[in-house]
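K.L.:
Okay, here's the structure, questions in a sec.
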Amino acid sequence: NRQRKRWTAVLRKVGGRATELTMDKHLKWLCRHGIPPEYRGRLWPVFCGARRRQMNDMLLYSNLLNVFEGQVSEATREIEKDLDRTFPMHSVYGTEKGVASLRRVLVSYSWMNPRVGYCQSMNFLVAVLLLFMSEEDAFWVLTTLVDEVLPDGYYSSEMEGVVTDQCVLKDLMRRKVPKIYRHLQSVGLDIAPISTKWFLSFFVNALPVEGALRVWDAFFFEGSKILFRVALTLLKMFERDILQTQDYSEAYCVLAQSP
């Protein structure tokens, strides 16, 4: 299609070397209009800075696999609980091979960064990444997202970063979608429990697959501000339904089931 041809032309200009792309307005426009599936595995790690970090420590992932093989921690036990809950109907994660790849990435990260270890929703992030890239690339993307792209404490027991972002979202709602903000207050609904799930999974559990992946395309290029823009867009899309709700439960159902 036309978008695929645009990306092919852009990559051809740099000899296929994604690291040499110029991060300009045209590239932002291309990302916002979607990256073809076959290019996501090459471009996401470059855009978020993971490829740069990986080049500085090429042996880290394989060393983690070797050093910590068979070891058990609180984090690895939590990972095991979530493996079977991660897209169980997907053809990849309905197989032991797919589950094993997911396990290795999550466990390796938990040993590399014991301060974070493992937090629910990380399994969904890694599962999506593995559909487009190797285990090692997925490990480095996860590492970069947690360490550099997202606010500190996003994936932690206290989730300080997420709590802060929910406060920012509420302030944006008050200014950008005041009718929705006031209505949710009137029915006693705090959006944070719903929007926290949106943010932790980058909307992968809130949007149809292709829509969620389009969010990821923009997120990897522009950063976490995209999460706020998508949240506000969702609220505007369902403004009429939200404003027609009469109580907490109705409002919750509209938001939790959208779109």
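To be explicit about the labels: the chains of the structure tokens are called A, B, and onward in the order shown, and within each one the residues are counted from 1, while ligands get numbers from 1 in the order they are shown.
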Please identify all polymer residues within 12 Å of Asp247 of chain A, counting only C-alpha atoms, omitting same-chain residues fewer than 6 positions from it, and present them as an NGL selection string.

P.N.:
:A and (183-189 or 253-254)

K.L.:
Check which residues of segment 177-227 of chain A sit at most 10 Å from segment 139-150 of chain A using only C-alpha atoms, and return one row each with the closest pair of atoms and their distance in Å to one decimal, ordered by chain and rising number, as JSON lines.

P.N.:
{"residue": "A:Phe219", "atom": "CA", "partner": "A:Val149", "partner_atom": "CA", "distance": 9.7}
{"residue": "A:Phe220", "atom": "CA", "partner": "A:Val149", "partner_atom": "CA", "distance": 8.8}
{"residue": "A:Glu222", "atom": "CA", "partner": "A:Val149", "partner_atom": "CA", "distance": 9.7}
{"residue": "A:Gly223", "atom": "CA", "partner": "A:Val149", "partner_atom": "CA", "distance": 6.5}
{"residue": "A:Ser224", "atom": "CA", "partner": "A:Leu150", "partner_atom": "CA", "distance": 6.4}
{"residue": "A:Lys225", "atom": "CA", "partner": "A:Leu150", "partner_atom": "CA", "distance": 9.8}

K.L.:
Considering only C-alpha atoms, return as number ranges by chain whatever protein or nucleic-acid residues lie within 8 Å of segment 20-33 of chain A, sequence-local ones (same chain, fewer than 5 positions apart) excluded.

P.N.:
A: 3, 6-7, 11, 14, 214-215, 217-218, 221-222

K.L.:
Generate the output file for the selected residues, N, CA and C atoms, as a CSV table (one decimal), in the first residue's frame.

P.N.:
chain,number,residue,atom,x,y,z
A,3,GLN,N,1.4,3.6,2.3
A,3,GLN,CA,2.2,3.8,3.5
A,3,GLN,C,3.5,2.9,3.5
A,6,ARG,N,6.0,4.4,1.2
A,6,ARG,CA,6.7,5.6,1.8
A,6,ARG,C,7.8,5.1,2.7
A,7,TRP,N,7.5,4.2,3.5
A,7,TRP,CA,8.5,3.7,4.5
A,7,TRP,C,9.7,3.0,3.7
A,11,LEU,N,13.6,4.2,4.0
A,11,LEU,CA,14.7,3.3,4.4
A,11,LEU,C,15.7,3.1,3.3
A,14,VAL,N,18.6,5.5,3.2
A,14,VAL,CA,19.7,5.3,4.2
A,14,VAL,C,20.3,3.9,4.1
A,214,ARG,N,-0.8,1.0,16.2
A,214,ARG,CA,-0.6,2.4,15.7
A,214,ARG,C,-0.2,3.3,16.9
A,215,VAL,N,-0.8,3.1,18.0
A,215,VAL,CA,-0.4,3.9,19.2
A,215,VAL,C,1.1,3.6,19.5
A,217,ASP,N,3.4,2.7,17.4
A,217,ASP,CA,4.3,3.3,16.4
A,217,ASP,C,4.6,4.8,16.8
A,218,ALA,N,3.6,5.5,17.2
A,218,ALA,CA,3.8,6.9,17.6
A,218,ALA,C,4.5,7.0,18.9
A,221,PHE,N,8.3,6.7,18.8
A,221,PHE,CA,9.0,7.9,18.2
A,221,PHE,C,8.8,9.1,19.1
A,222,GLU,N,7.7,9.4,19.7
A,222,GLU,CA,7.4,10.6,20.4
A,222,GLU,C,7.5,10.5,21.9

K.L.:
Please list as an MDAnalysis selection string every residue within 12 Å of Asp82 of chain A, counting only C-alpha atoms and excluding residues in the same chain fewer than 6 positions away.

P.N.:
chainID A and resid 75:76 88 93 99 102:103 106 118:124 127

K.L.:
Please provide as a list in words all residues within 12 Å of Cys167 of chain A, with the sequence filter that same-chain residues fewer than 5 positions apart are discarded (counting only C-alpha atoms).

P.N.:
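Selected residues are Glu160, Gly161, Val162, Leu172, Met173, Arg174, Asp190, Ile191, Ala192, Pro193, Ser195, Thr196 and Phe228 of chain A.
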
K.L.:
Can you list, as an MDAnalysis selection string, every residue of segment 33-176 of chain A that DSSP puts in helix (DSSP H, G or I)?

P.N.:
chainID A and resid 37:48 50:55 60:67 74:83 96:112 122:130 135:149 160:176

K.L.:
Take the residues just selected and output them with C-alpha atoms as a CSV table (one decimal), in the first residue's frame.

P.N.:
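And here's again-v7.csv as it stands now:
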chain,number,residue,atom,x,y,z
A,37,PRO,CA,4.5,-4.7,10.4
A,38,GLU,CA,7.6,-5.9,8.7
A,39,TYR,CA,9.5,-2.8,9.7
A,40,ARG,CA,8.4,-2.5,13.4
A,41,GLY,CA,11.1,-4.8,14.7
A,42,ARG,CA,13.8,-2.7,13.0
A,43,LEU,CA,12.4,0.7,13.8
A,44,TRP,CA,10.9,0.5,17.4
A,45,PRO,CA,14.3,-0.3,19.0
A,46,VAL,CA,16.0,2.6,17.1
A,47,PHE,CA,13.3,5.2,17.9
A,48,CYS,CA,13.2,4.5,21.6
A,50,ALA,CA,17.2,0.6,22.7
A,51,ARG,CA,19.5,-0.1,19.8
A,52,ARG,CA,22.0,2.4,21.1
A,53,ARG,CA,22.1,0.8,24.5
A,54,GLN,CA,22.3,-2.7,23.1
A,55,MET,CA,25.4,-1.8,21.0
A,60,LEU,CA,24.4,-8.7,28.5
A,61,TYR,CA,21.3,-10.7,27.5
A,62,SER,CA,23.2,-13.9,26.9
A,63,ASN,CA,25.2,-13.5,30.1
A,64,LEU,CA,22.0,-13.0,32.1
A,65,LEU,CA,20.5,-16.2,30.6
A,66,ASN,CA,23.6,-18.2,31.5
A,67,VAL,CA,24.3,-16.8,35.0
A,74,GLU,CA,9.9,-13.6,44.1
A,75,ALA,CA,9.8,-12.0,40.7
A,76,THR,CA,10.3,-15.2,38.7
A,77,ARG,CA,7.4,-16.8,40.7
A,78,GLU,CA,5.2,-13.9,39.8
A,79,ILE,CA,6.2,-14.2,36.1
A,80,GLU,CA,5.3,-17.9,36.1
A,81,LYS,CA,1.8,-17.0,37.4
A,82,ASP,CA,1.2,-14.6,34.5
A,83,LEU,CA,2.7,-16.6,31.6
A,96,GLU,CA,5.6,-23.8,24.8
A,97,LYS,CA,8.1,-22.2,22.4
A,98,GLY,CA,6.3,-18.8,22.6
A,99,VAL,CA,5.8,-19.0,26.3
A,100,ALA,CA,9.5,-19.9,26.8
A,101,SER,CA,10.6,-16.8,24.9
A,102,LEU,CA,8.4,-14.6,27.0
A,103,ARG,CA,9.7,-16.2,30.2
A,104,ARG,CA,13.3,-15.7,29.2
A,105,VAL,CA,12.9,-12.0,28.5
A,106,LEU,CA,10.9,-11.3,31.6
A,107,VAL,CA,13.2,-13.3,33.9
A,108,SER,CA,16.3,-11.8,32.5
A,109,TYR,CA,15.1,-8.3,33.0
A,110,SER,CA,14.0,-9.2,36.6
A,111,TRP,CA,17.6,-10.2,37.4
A,112,MET,CA,19.1,-7.3,35.6
A,122,MET,CA,5.2,-6.1,31.6
A,123,ASN,CA,4.2,-9.5,30.3
A,124,PHE,CA,1.8,-7.9,27.7
A,125,LEU,CA,4.4,-5.4,26.6
A,126,VAL,CA,7.0,-8.1,26.0
A,127,ALA,CA,4.5,-10.4,24.3
A,128,VAL,CA,3.7,-7.8,21.7
A,129,LEU,CA,7.4,-6.9,21.2
A,130,LEU,CA,8.2,-10.6,20.6
A,135,GLU,CA,14.2,-12.0,22.3
A,136,GLU,CA,17.4,-9.9,22.8
A,137,ASP,CA,15.8,-6.9,21.0
A,138,ALA,CA,12.7,-7.2,23.1
A,139,PHE,CA,14.8,-7.3,26.3
A,140,TRP,CA,16.6,-4.1,25.3
A,141,VAL,CA,13.4,-2.3,24.4
A,142,LEU,CA,11.8,-3.3,27.7
A,143,THR,CA,15.0,-2.1,29.5
A,144,THR,CA,15.0,1.2,27.7
A,145,LEU,CA,11.3,1.8,28.2
A,146,VAL,CA,11.5,1.3,32.0
A,147,ASP,CA,14.9,3.0,32.5
A,148,GLU,CA,14.6,5.9,30.2
A,149,VAL,CA,11.4,6.5,28.3
A,160,GLU,CA,4.8,6.3,41.6
A,161,GLY,CA,5.2,7.2,37.9
A,162,VAL,CA,1.8,5.9,37.0
A,163,VAL,CA,0.2,7.7,39.9
A,164,THR,CA,1.8,11.0,38.8
A,165,ASP,CA,0.6,10.4,35.2
A,166,GLN,CA,-2.9,9.9,36.4
A,167,CYS,CA,-2.8,13.2,38.1
A,168,VAL,CA,-1.6,14.8,34.9
A,169,LEU,CA,-4.4,13.1,32.9
A,170,LYS,CA,-7.0,14.4,35.3
A,171,ASP,CA,-5.7,17.9,35.0
A,172,LEU,CA,-5.7,17.5,31.2
A,173,MET,CA,-9.3,16.3,31.3
A,174,ARG,CA,-10.4,19.2,33.4
A,175,ARG,CA,-8.9,21.6,30.8
A,176,LYS,CA,-9.5,19.7,27.5

K.L.:
Kindly give the distance, in Å, that separates atom CA of Gln246 of chain A and atom CA of Arg182 of chain A, rounded to a single decimal.

P.N.:
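Calculated distance between atom CA of Gln246 of chain A and atom CA of Arg182 of chain A is 13.1 Å.
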
K.L.:
Measure the distance from atom CA of Tyr252 of chain A to atom CA of Arg240 of chain A in Å and round it to one decimal.

P.N.:
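Between atom CA of Tyr252 of chain A and atom CA of Arg240 of chain A the gap is 14.2 Å.
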